[in-house]
file coords38.csv (CSV, C-alpha atoms)
chain,number,residue,atom,x,y,z
A,1,MET,CA,-10.9,9.7,-7.3
A,2,GLU,CA,-10.1,13.3,-6.5
A,3,VAL,CA,-8.7,14.1,-3.1
A,4,PRO,CA,-10.2,17.3,-1.7
A,5,ILE,CA,-7.6,19.8,-0.5
A,6,LEU,CA,-8.6,22.5,1.9
A,7,LYS,CA,-6.7,25.6,2.9
A,8,GLN,CA,-6.6,26.4,6.6
A,9,GLY,CA,-4.5,29.5,7.4
A,10,SER,CA,-1.1,28.9,6.0
A,11,PHE,CA,-1.6,25.1,5.8
A,12,LEU,CA,-3.2,22.8,3.3
A,13,ILE,CA,-5.2,19.7,4.3
A,14,ALA,CA,-5.6,16.8,1.9
A,15,THR,CA,-8.2,14.3,3.1
A,16,ILE,CA,-8.1,10.9,1.4
A,17,GLN,CA,-11.7,9.7,1.4
A,18,ALA,CA,-11.7,6.4,-0.5
A,19,ALA,CA,-9.3,3.8,-1.8
A,20,LEU,CA,-6.9,5.4,-4.2
A,21,THR,CA,-5.3,3.8,-7.3
A,22,ASP,CA,-1.7,4.3,-8.1
A,23,ALA,CA,-2.7,7.0,-10.7
A,24,ASP,CA,-4.8,8.7,-8.0
A,25,LEU,CA,-1.9,8.8,-5.6
A,26,LEU,CA,0.4,10.3,-8.2
A,27,ASN,CA,-2.3,12.9,-9.1
A,28,LEU,CA,-2.6,13.8,-5.4
A,29,ARG,CA,1.2,14.3,-5.2
A,30,ASN,CA,1.2,16.6,-8.2
A,31,VAL,CA,-1.9,18.6,-7.2
A,32,LEU,CA,-0.8,19.0,-3.6
A,33,VAL,CA,2.7,20.2,-4.5
A,34,GLN,CA,1.2,22.6,-7.0
A,35,ARG,CA,-1.2,24.0,-4.4
A,36,VAL,CA,1.6,24.3,-1.8
A,37,VAL,CA,3.5,26.4,-4.4
A,38,LEU,CA,0.5,28.5,-5.4
A,39,SER,CA,-0.6,29.3,-1.9
A,40,ARG,CA,2.9,29.7,-0.4
A,41,SER,CA,1.8,27.2,2.3
A,42,ARG,CA,4.1,26.5,5.2
A,43,GLY,CA,2.8,23.1,5.7
A,44,ALA,CA,0.6,20.3,4.4
A,45,ILE,CA,-1.3,17.6,6.2
A,46,VAL,CA,-2.3,14.3,4.4
A,47,ASP,CA,-5.1,12.6,6.3
A,48,VAL,CA,-5.0,8.8,5.5
A,49,THR,CA,-7.6,7.8,8.2
A,50,SER,CA,-9.8,6.1,5.6
A,51,MET,CA,-7.0,4.2,3.8
A,52,ASP,CA,-7.3,0.5,4.7
A,53,VAL,CA,-4.1,-0.4,2.9
A,54,LEU,CA,-0.8,1.5,2.7
A,55,ASP,CA,1.4,-0.6,0.5
A,56,SER,CA,4.9,0.1,-1.0
A,57,PHE,CA,3.6,2.4,-3.7
A,58,ALA,CA,1.4,4.5,-1.4
A,59,SER,CA,4.3,4.7,1.2
A,60,ARG,CA,6.7,5.8,-1.5
A,61,THR,CA,4.3,8.4,-2.9
A,62,LEU,CA,3.8,9.9,0.6
A,63,ARG,CA,7.6,10.1,1.0
A,64,GLU,CA,7.9,11.8,-2.3
A,65,ILE,CA,5.2,14.3,-1.4
A,66,ALA,CA,6.9,15.2,1.9
A,67,GLN,CA,10.4,15.4,0.2
A,68,ILE,CA,9.2,17.7,-2.6
A,69,ILE,CA,7.3,19.9,-0.2
A,70,ARG,CA,10.3,20.1,2.1
A,71,LEU,CA,12.4,21.4,-0.8
A,72,ARG,CA,9.9,24.2,-1.0
A,73,GLY,CA,10.6,25.1,2.6
A,74,ALA,CA,7.4,23.6,3.9
A,75,GLU,CA,6.6,20.6,6.1
A,76,THR,CA,4.2,17.7,5.6
A,77,VAL,CA,2.6,15.7,8.3
A,78,ILE,CA,0.8,12.3,7.7
A,79,VAL,CA,-2.1,11.8,10.1
A,80,GLY,CA,-4.5,9.0,10.9
A,81,ILE,CA,-2.6,5.8,10.0
A,82,GLN,CA,-4.8,3.1,11.3
A,83,PRO,CA,-3.3,0.6,13.8
A,84,GLU,CA,-3.8,-2.4,11.5
A,85,VAL,CA,-2.3,-0.5,8.6
A,86,ALA,CA,0.7,0.5,10.7
A,87,PHE,CA,1.2,-3.2,11.7
A,88,ALA,CA,1.1,-4.3,8.1
A,89,MET,CA,3.5,-1.6,7.0
A,90,VAL,CA,6.1,-2.7,9.6
A,91,GLN,CA,5.7,-6.4,8.6
A,92,LEU,CA,6.2,-5.4,5.0
A,93,GLY,CA,9.3,-3.4,5.9
A,94,LEU,CA,7.9,0.0,4.9
A,95,THR,CA,8.7,3.2,6.7
A,96,LEU,CA,7.9,6.8,6.1
A,97,GLU,CA,11.5,7.6,7.0
A,98,ASP,CA,11.7,11.0,8.7
A,99,ILE,CA,8.3,12.3,7.7
A,100,PRO,CA,6.4,13.4,10.8
A,101,THR,CA,3.2,11.6,11.7
A,102,ALA,CA,0.4,12.5,14.1
A,103,LEU,CA,-2.6,10.8,15.5
A,104,ASP,CA,-5.2,12.9,13.8
A,105,LEU,CA,-5.9,16.1,12.1
A,106,GLU,CA,-6.0,18.1,15.3
A,107,GLU,CA,-2.6,16.9,16.4
A,108,GLY,CA,-1.2,17.4,13.0
A,109,LEU,CA,-2.2,21.0,13.0
A,110,ALA,CA,-0.9,21.4,16.5
A,111,TYR,CA,2.5,20.0,15.3
A,112,LEU,CA,2.7,22.4,12.4
A,113,ASN,CA,1.6,25.4,14.5
A,114,GLN,CA,4.5,25.0,16.9
A,115,LYS,CA,7.0,25.3,14.1
A,116,PRO,CA,8.5,28.8,14.1
A,117,LYS,CA,7.3,31.0,11.2
A,118,PRO,CA,9.9,31.7,8.7
A,119,MET,CA,10.9,35.3,8.1
A,120,ARG,CA,9.4,36.3,4.8
B,1,MET,CA,-17.9,-25.8,2.1
B,2,ALA,CA,-19.2,-23.8,-0.8
B,3,ASP,CA,-16.9,-22.9,-3.6
B,4,THR,CA,-15.4,-19.6,-2.8
B,5,LYS,CA,-13.0,-19.3,-5.6
B,6,ILE,CA,-12.8,-15.7,-6.8
B,7,ARG,CA,-10.8,-14.6,-9.9
B,8,VAL,CA,-9.8,-11.0,-10.3
B,9,PRO,CA,-8.3,-10.2,-13.7
B,10,ILE,CA,-5.3,-7.8,-13.3
B,11,ASN,CA,-4.9,-5.4,-16.2
B,12,SER,CA,-4.3,-2.0,-14.7
B,13,ASP,CA,-3.7,-0.2,-11.4
B,14,LYS,CA,-7.5,0.0,-10.8
B,15,ASP,CA,-7.6,-3.8,-10.6
B,16,ILE,CA,-5.0,-3.7,-7.8
B,17,VAL,CA,-7.6,-1.9,-5.7
B,18,VAL,CA,-10.4,-4.4,-6.7
B,19,ALA,CA,-8.2,-7.4,-5.9
B,20,ARG,CA,-7.3,-6.2,-2.4
B,21,GLN,CA,-10.8,-5.2,-1.6
B,22,GLU,CA,-12.1,-8.6,-2.8
B,23,GLY,CA,-9.4,-10.2,-0.7
B,24,ARG,CA,-10.3,-8.2,2.4
B,25,THR,CA,-14.0,-9.1,2.0
B,26,LEU,CA,-13.3,-12.8,1.7
B,27,ALA,CA,-10.9,-12.7,4.7
B,28,MET,CA,-13.5,-11.0,6.9
B,29,SER,CA,-16.2,-13.4,5.7
B,30,LEU,CA,-13.9,-16.3,6.7
B,31,GLY,CA,-13.6,-14.8,10.2
B,32,PHE,CA,-10.1,-13.4,10.0
B,33,SER,CA,-9.5,-10.5,12.4
B,34,PRO,CA,-9.4,-7.0,10.9
B,35,GLY,CA,-5.6,-7.0,11.4
B,36,ASP,CA,-5.1,-10.3,9.5
B,37,ALA,CA,-7.5,-9.1,6.8
B,38,THR,CA,-5.3,-6.0,6.4
B,39,LEU,CA,-2.1,-8.1,6.2
B,40,LEU,CA,-3.8,-10.2,3.4
B,41,ALA,CA,-5.1,-7.1,1.6
B,42,THR,CA,-1.6,-5.6,1.7
B,43,ALA,CA,0.0,-8.8,0.4
B,44,ILE,CA,-2.5,-8.9,-2.5
B,45,SER,CA,-1.8,-5.3,-3.3
B,46,GLU,CA,1.9,-6.0,-3.6
B,47,LEU,CA,1.4,-9.1,-5.7
B,48,ALA,CA,-1.1,-7.5,-8.0
B,49,ARG,CA,1.2,-4.5,-8.5
B,50,ASN,CA,4.1,-6.8,-9.5
B,51,ILE,CA,1.8,-8.2,-12.2
B,52,VAL,CA,0.9,-4.8,-13.5
B,53,THR,CA,4.5,-3.6,-13.4
B,54,TYR,CA,6.3,-6.6,-14.7
B,55,ALA,CA,3.8,-8.7,-16.7
B,56,ASN,CA,1.1,-6.1,-17.6
B,57,VAL,CA,-1.6,-8.8,-17.4
B,58,GLY,CA,-2.4,-11.7,-15.1
B,59,ASP,CA,-4.9,-12.6,-12.4
B,60,ILE,CA,-5.4,-13.0,-8.7
B,61,LEU,CA,-7.2,-16.1,-7.5
B,62,LEU,CA,-8.7,-16.1,-4.0
B,63,ASP,CA,-9.8,-19.3,-2.3
B,64,THR,CA,-10.3,-20.9,1.0
B,65,VAL,CA,-8.2,-23.8,2.0
B,66,ASN,CA,-8.9,-26.5,4.6
B,67,GLY,CA,-6.0,-27.7,6.6
B,68,ALA,CA,-5.9,-30.1,9.5
B,69,ALA,CA,-8.7,-28.7,11.7
B,70,ARG,CA,-8.1,-25.2,10.5
B,71,LEU,CA,-9.3,-22.9,7.9
B,72,GLY,CA,-7.1,-20.6,5.8
B,73,MET,CA,-7.2,-18.3,2.8
B,74,GLN,CA,-5.1,-18.8,-0.3
B,75,VAL,CA,-4.1,-16.2,-2.8
B,76,VAL,CA,-2.5,-17.2,-6.2
B,77,ALA,CA,-1.0,-14.4,-8.3
B,78,ARG,CA,-0.1,-15.6,-11.7
B,79,ASP,CA,1.1,-14.0,-14.9
B,80,GLU,CA,2.7,-15.0,-18.2
B,81,GLY,CA,5.2,-12.2,-18.1
B,82,PRO,CA,9.0,-12.4,-18.5
B,83,GLY,CA,9.4,-14.4,-15.2
B,84,ILE,CA,12.1,-14.0,-12.6
B,85,ALA,CA,15.6,-15.0,-13.7
B,86,ASP,CA,16.9,-15.3,-10.1
B,87,VAL,CA,14.2,-16.3,-7.7
B,88,GLN,CA,16.6,-16.6,-4.7
B,89,GLN,CA,17.8,-13.1,-5.3
B,90,ALA,CA,14.2,-11.8,-5.5
B,91,LEU,CA,13.5,-13.3,-2.1
B,92,ARG,CA,16.4,-11.7,-0.4
B,93,ASP,CA,15.7,-8.6,1.6
B,94,GLY,CA,17.4,-5.7,-0.1
B,95,PHE,CA,17.4,-2.0,-0.4
B,96,SER,CA,14.6,-2.2,-3.0
B,97,THR,CA,11.9,-3.3,-0.5
B,98,SER,CA,11.5,-0.1,1.4
B,99,GLY,CA,12.0,2.1,-1.6
B,100,GLY,CA,8.9,0.5,-3.2
B,101,LEU,CA,11.0,-0.6,-6.1
B,102,GLY,CA,11.7,-4.2,-6.9
B,103,LEU,CA,9.3,-7.0,-6.2
B,104,GLY,CA,8.9,-6.6,-2.5
B,105,LEU,CA,8.6,-10.4,-2.1
B,106,PRO,CA,10.5,-10.7,1.2
B,107,GLY,CA,8.0,-8.3,2.7
B,108,VAL,CA,5.0,-10.2,1.3
B,109,ARG,CA,6.5,-13.4,2.7
B,110,ARG,CA,6.5,-11.8,6.2
B,111,LEU,CA,2.8,-11.0,5.9
B,112,VAL,CA,1.6,-14.6,5.5
B,113,ASP,CA,2.2,-18.1,6.8
B,114,GLU,CA,3.1,-19.9,3.6
B,115,PHE,CA,4.7,-18.6,0.6
B,116,GLN,CA,5.6,-20.3,-2.7
B,117,ILE,CA,6.9,-19.0,-5.9
B,118,VAL,CA,7.3,-20.7,-9.2
B,119,SER,CA,9.2,-18.9,-12.0
B,120,ASP,CA,11.7,-20.3,-14.4
B,121,GLY,CA,12.6,-17.0,-16.1
B,122,THR,CA,10.8,-17.8,-19.3
B,123,SER,CA,7.1,-18.6,-18.8
B,124,GLY,CA,5.7,-16.3,-16.2
B,125,THR,CA,5.5,-16.3,-12.5
B,126,THR,CA,3.0,-17.9,-10.0
B,127,VAL,CA,3.1,-16.8,-6.4
B,128,THR,CA,1.0,-18.7,-3.9
B,129,ILE,CA,0.4,-17.5,-0.4
B,130,ARG,CA,-1.6,-18.8,2.5
B,131,LYS,CA,-2.7,-17.5,5.8
B,132,TRP,CA,-4.3,-19.7,8.4
B,133,LYS,CA,-6.9,-18.6,10.9
B,134,PRO,CA,-5.4,-18.7,14.4
call {"tool": "encode", "arguments": {"input": "coords38.csv", "output": "structure tokens"}}
result
Amino acid sequence: MEVPILKQGSFLIATIQAALTDADLLNLRNVLVQRVVLSRSRGAIVDVTSMDVLDSFASRTLREIAQIIRLRGAETVIVGIQPEVAFAMVQLGLTLEDIPTALDLEEGLAYLNQKPKPMR
Amino acid sequence: MADTKIRVPINSDKDIVVARQEGRTLAMSLGFSPGDATLLATAISELARNIVTYANVGDILLDTVNGAARLGMQVVARDEGPGIADVQQALRDGFSTSGGLGLGLPGVRRLVDEFQIVSDGTSGTTVTIRKWKP
């Protein structure tokens, strides 16, 4: 299952649209990082609104995505975690550590936009 | 009550998704809330991944259970992999849980009402979990 990645200004938006296997998640990580590098993006948004389960593997892969992209000098925001999913994650003991999250795509973009532009 | 036993063979990461979707469907059909169905689906996802990661092959059995005046859902995850040498240690909350490494069993235990594990370190592992409808 390919995750579509759209470019909006200097940001990339990856919208997960169906249940992803572990292999799909790793593919998303690799492709998104590659796209951030190629397009010199300042930020990426991963929209998980349609994910009905965020288990340990998915959480770890999202953390990896954010950490790799941060090393590129860009920021990742996870948006759209459903309330039931958030509840299950906490029960399971999963966190996204210091990765920023936002309610939805709009707020995710607003978050990235208020970041100062780096001097390039 | 009709026989609701569902068996999902677990051979690859694709089967993890199938198992948790079947689990959610059964939970919803039994009248569990969307929140509880999500807890069950998440627990199934973790147990199925342990099978893929540590035993390669196994299965997930989904079933209804009737308690004293209450209805519940049971999930059995079984494999014939190497087993767990130290079950007590595997049930202890450690650094591995949040890292997504390790078995994540303490987390799974928190998602459900009943949790049982049988493994003698030689002939596979069977984890049985139950969640009761409130």
call {"tool": "interface_residues", "arguments": {"input": "coords38.csv", "of": "chain B", "to": "chain A", "cutoff": "10 Å", "atoms": "all atoms listed in the file", "output": "VMD selection string"}}
result
chain B and resid 12 to 18 20 to 21 24 33 to 46 49 93 97 to 112
call {"tool": "write_last_selection", "arguments": {"input": "coords38.csv", "atoms": "C-alpha atoms", "output": "PDB file, in the coordinates of the input"}}
result
ATOM      1  CA  SER B  12      -4.300  -2.000 -14.700  1.00  0.00           C
ATOM      2  CA  ASP B  13      -3.700  -0.200 -11.400  1.00  0.00           C
ATOM      3  CA  LYS B  14      -7.500   0.000 -10.800  1.00  0.00           C
ATOM      4  CA  ASP B  15      -7.600  -3.800 -10.600  1.00  0.00           C
ATOM      5  CA  ILE B  16      -5.000  -3.700  -7.800  1.00  0.00           C
ATOM      6  CA  VAL B  17      -7.600  -1.900  -5.700  1.00  0.00           C
ATOM      7  CA  VAL B  18     -10.400  -4.400  -6.700  1.00  0.00           C
ATOM      8  CA  ARG B  20      -7.300  -6.200  -2.400  1.00  0.00           C
ATOM      9  CA  GLN B  21     -10.800  -5.200  -1.600  1.00  0.00           C
ATOM     10  CA  ARG B  24     -10.300  -8.200   2.400  1.00  0.00           C
ATOM     11  CA  SER B  33      -9.500 -10.500  12.400  1.00  0.00           C
ATOM     12  CA  PRO B  34      -9.400  -7.000  10.900  1.00  0.00           C
ATOM     13  CA  GLY B  35      -5.600  -7.000  11.400  1.00  0.00           C
ATOM     14  CA  ASP B  36      -5.100 -10.300   9.500  1.00  0.00           C
ATOM     15  CA  ALA B  37      -7.500  -9.100   6.800  1.00  0.00           C
ATOM     16  CA  THR B  38      -5.300  -6.000   6.400  1.00  0.00           C
ATOM     17  CA  LEU B  39      -2.100  -8.100   6.200  1.00  0.00           C
ATOM     18  CA  LEU B  40      -3.800 -10.200   3.400  1.00  0.00           C
ATOM     19  CA  ALA B  41      -5.100  -7.100   1.600  1.00  0.00           C
ATOM     20  CA  THR B  42      -1.600  -5.600   1.700  1.00  0.00           C
ATOM     21  CA  ALA B  43       0.000  -8.800   0.400  1.00  0.00           C
ATOM     22  CA  ILE B  44      -2.500  -8.900  -2.500  1.00  0.00           C
ATOM     23  CA  SER B  45      -1.800  -5.300  -3.300  1.00  0.00           C
ATOM     24  CA  GLU B  46       1.900  -6.000  -3.600  1.00  0.00           C
ATOM     25  CA  ARG B  49       1.200  -4.500  -8.500  1.00  0.00           C
ATOM     26  CA  ASP B  93      15.700  -8.600   1.600  1.00  0.00           C
ATOM     27  CA  THR B  97      11.900  -3.300  -0.500  1.00  0.00           C
ATOM     28  CA  SER B  98      11.500  -0.100   1.400  1.00  0.00           C
ATOM     29  CA  GLY B  99      12.000   2.100  -1.600  1.00  0.00           C
ATOM     30  CA  GLY B 100       8.900   0.500  -3.200  1.00  0.00           C
ATOM     31  CA  LEU B 101      11.000  -0.600  -6.100  1.00  0.00           C
ATOM     32  CA  GLY B 102      11.700  -4.200  -6.900  1.00  0.00           C
ATOM     33  CA  LEU B 103       9.300  -7.000  -6.200  1.00  0.00           C
ATOM     34  CA  GLY B 104       8.900  -6.600  -2.500  1.00  0.00           C
ATOM     35  CA  LEU B 105       8.600 -10.400  -2.100  1.00  0.00           C
ATOM     36  CA  PRO B 106      10.500 -10.700   1.200  1.00  0.00           C
ATOM     37  CA  GLY B 107       8.000  -8.300   2.700  1.00  0.00           C
ATOM     38  CA  VAL B 108       5.000 -10.200   1.300  1.00  0.00           C
ATOM     39  CA  ARG B 109       6.500 -13.400   2.700  1.00  0.00           C
ATOM     40  CA  ARG B 110       6.500 -11.800   6.200  1.00  0.00           C
ATOM     41  CA  LEU B 111       2.800 -11.000   5.900  1.00  0.00           C
ATOM     42  CA  VAL B 112       1.600 -14.600   5.500  1.00  0.00           C
TER      43      VAL B 112
END
call {"tool": "atom_distance", "arguments": {"input": "coords38.csv", "atom1": "atom CA of B:Gln74", "atom2": "atom CA of A:Ile81"}}
result
26.8 Å
call {"tool": "closest_residue", "arguments": {"input": "coords38.csv", "among": "B:Ile10, B:Val57, B:Met73, B:Leu47", "to": "B:Ser29", "atoms": "only C-alpha atoms"}}
result
B:Met73
call {"tool": "atom_distance", "arguments": {"input": "coords38.csv", "atom1": "atom CA of A:Ser39", "atom2": "atom CA of A:Glu107"}}
result
22.2 Å
call {"tool": "closest_residue", "arguments": {"input": "coords38.csv", "among": "A:Gln114, A:Gln67, A:Thr76, A:Asn27", "to": "A:Val46", "atoms": "only C-alpha atoms"}}
result
A:Thr76
call {"tool": "atom_distance", "arguments": {"input": "coords38.csv", "atom1": "atom CA of B:Ile6", "atom2": "atom CA of B:Leu62"}}
result
5.0 Å
call {"tool": "residues_around", "arguments": {"input": "coords38.csv", "residues": "A:Arg72", "least_positions_apart": "3", "cutoff": "10 Å", "atoms": "only C-alpha atoms", "output": "PDB file with C-alpha atoms, keeping the file's coordinate frame"}}
result
ATOM      1  CA  VAL A  33       2.700  20.200  -4.500  1.00  0.00           C
ATOM      2  CA  VAL A  36       1.600  24.300  -1.800  1.00  0.00           C
ATOM      3  CA  VAL A  37       3.500  26.400  -4.400  1.00  0.00           C
ATOM      4  CA  ARG A  40       2.900  29.700  -0.400  1.00  0.00           C
ATOM      5  CA  SER A  41       1.800  27.200   2.300  1.00  0.00           C
ATOM      6  CA  ARG A  42       4.100  26.500   5.200  1.00  0.00           C
ATOM      7  CA  GLY A  43       2.800  23.100   5.700  1.00  0.00           C
ATOM      8  CA  ALA A  66       6.900  15.200   1.900  1.00  0.00           C
ATOM      9  CA  GLN A  67      10.400  15.400   0.200  1.00  0.00           C
ATOM     10  CA  ILE A  68       9.200  17.700  -2.600  1.00  0.00           C
ATOM     11  CA  ILE A  69       7.300  19.900  -0.200  1.00  0.00           C
ATOM     12  CA  GLU A  75       6.600  20.600   6.100  1.00  0.00           C
TER      13      GLU A  75
END
call {"tool": "residues_near_point", "arguments": {"input": "coords38.csv", "point": "(-9.2, 16.1, 5.3)", "cutoff": "12 Å", "atoms": "all atoms listed in the file", "output": "short mmCIF file (atom, residue, chain, number, x, y, z; two decimals) with C-alpha atoms, in the coordinates of the input"}}
result
data_model
loop_
_atom_site.label_atom_id
_atom_site.label_comp_id
_atom_site.auth_asym_id
_atom_site.auth_seq_id
_atom_site.Cartn_x
_atom_site.Cartn_y
_atom_site.Cartn_z
CA VAL A 3 -8.70 14.10 -3.10
CA PRO A 4 -10.20 17.30 -1.70
CA ILE A 5 -7.60 19.80 -0.50
CA LEU A 6 -8.60 22.50 1.90
CA LYS A 7 -6.70 25.60 2.90
CA GLN A 8 -6.60 26.40 6.60
CA PHE A 11 -1.60 25.10 5.80
CA LEU A 12 -3.20 22.80 3.30
CA ILE A 13 -5.20 19.70 4.30
CA ALA A 14 -5.60 16.80 1.90
CA THR A 15 -8.20 14.30 3.10
CA ILE A 16 -8.10 10.90 1.40
CA GLN A 17 -11.70 9.70 1.40
CA ALA A 18 -11.70 6.40 -0.50
CA ALA A 44 0.60 20.30 4.40
CA ILE A 45 -1.30 17.60 6.20
CA VAL A 46 -2.30 14.30 4.40
CA ASP A 47 -5.10 12.60 6.30
CA VAL A 48 -5.00 8.80 5.50
CA THR A 49 -7.60 7.80 8.20
CA SER A 50 -9.80 6.10 5.60
CA ILE A 78 0.80 12.30 7.70
CA VAL A 79 -2.10 11.80 10.10
CA GLY A 80 -4.50 9.00 10.90
CA ASP A 104 -5.20 12.90 13.80
CA LEU A 105 -5.90 16.10 12.10
CA GLU A 106 -6.00 18.10 15.30
CA GLY A 108 -1.20 17.40 13.00
CA LEU A 109 -2.20 21.00 13.00
#
call {"tool": "closest_residue", "arguments": {"input": "coords38.csv", "among": "B:Asp120, B:Thr64, B:Val52, B:Arg130", "to": "B:Ala85", "atoms": "all atoms listed in the file"}}
result
B:Asp120
call {"tool": "closest_residue", "arguments": {"input": "coords38.csv", "among": "B:Val127, B:Ile117, B:Ala19, B:Met28", "to": "B:Val87", "atoms": "only C-alpha atoms"}}
result
B:Ile117
call {"tool": "residues_around", "arguments": {"input": "coords38.csv", "residues": "B:Asn56", "least_positions_apart": "2", "cutoff": "9 Å", "atoms": "all atoms listed in the file", "output": "PDB file with C-alpha atoms, in the coordinates of the input"}}
result
ATOM      1  CA  ILE B  10      -5.300  -7.800 -13.300  1.00  0.00           C
ATOM      2  CA  ASN B  11      -4.900  -5.400 -16.200  1.00  0.00           C
ATOM      3  CA  SER B  12      -4.300  -2.000 -14.700  1.00  0.00           C
ATOM      4  CA  ASN B  50       4.100  -6.800  -9.500  1.00  0.00           C
ATOM      5  CA  ILE B  51       1.800  -8.200 -12.200  1.00  0.00           C
ATOM      6  CA  VAL B  52       0.900  -4.800 -13.500  1.00  0.00           C
ATOM      7  CA  THR B  53       4.500  -3.600 -13.400  1.00  0.00           C
ATOM      8  CA  TYR B  54       6.300  -6.600 -14.700  1.00  0.00           C
ATOM      9  CA  GLY B  58      -2.400 -11.700 -15.100  1.00  0.00           C
ATOM     10  CA  ASP B  79       1.100 -14.000 -14.900  1.00  0.00           C
ATOM     11  CA  GLY B  81       5.200 -12.200 -18.100  1.00  0.00           C
TER      12      GLY B  81
END
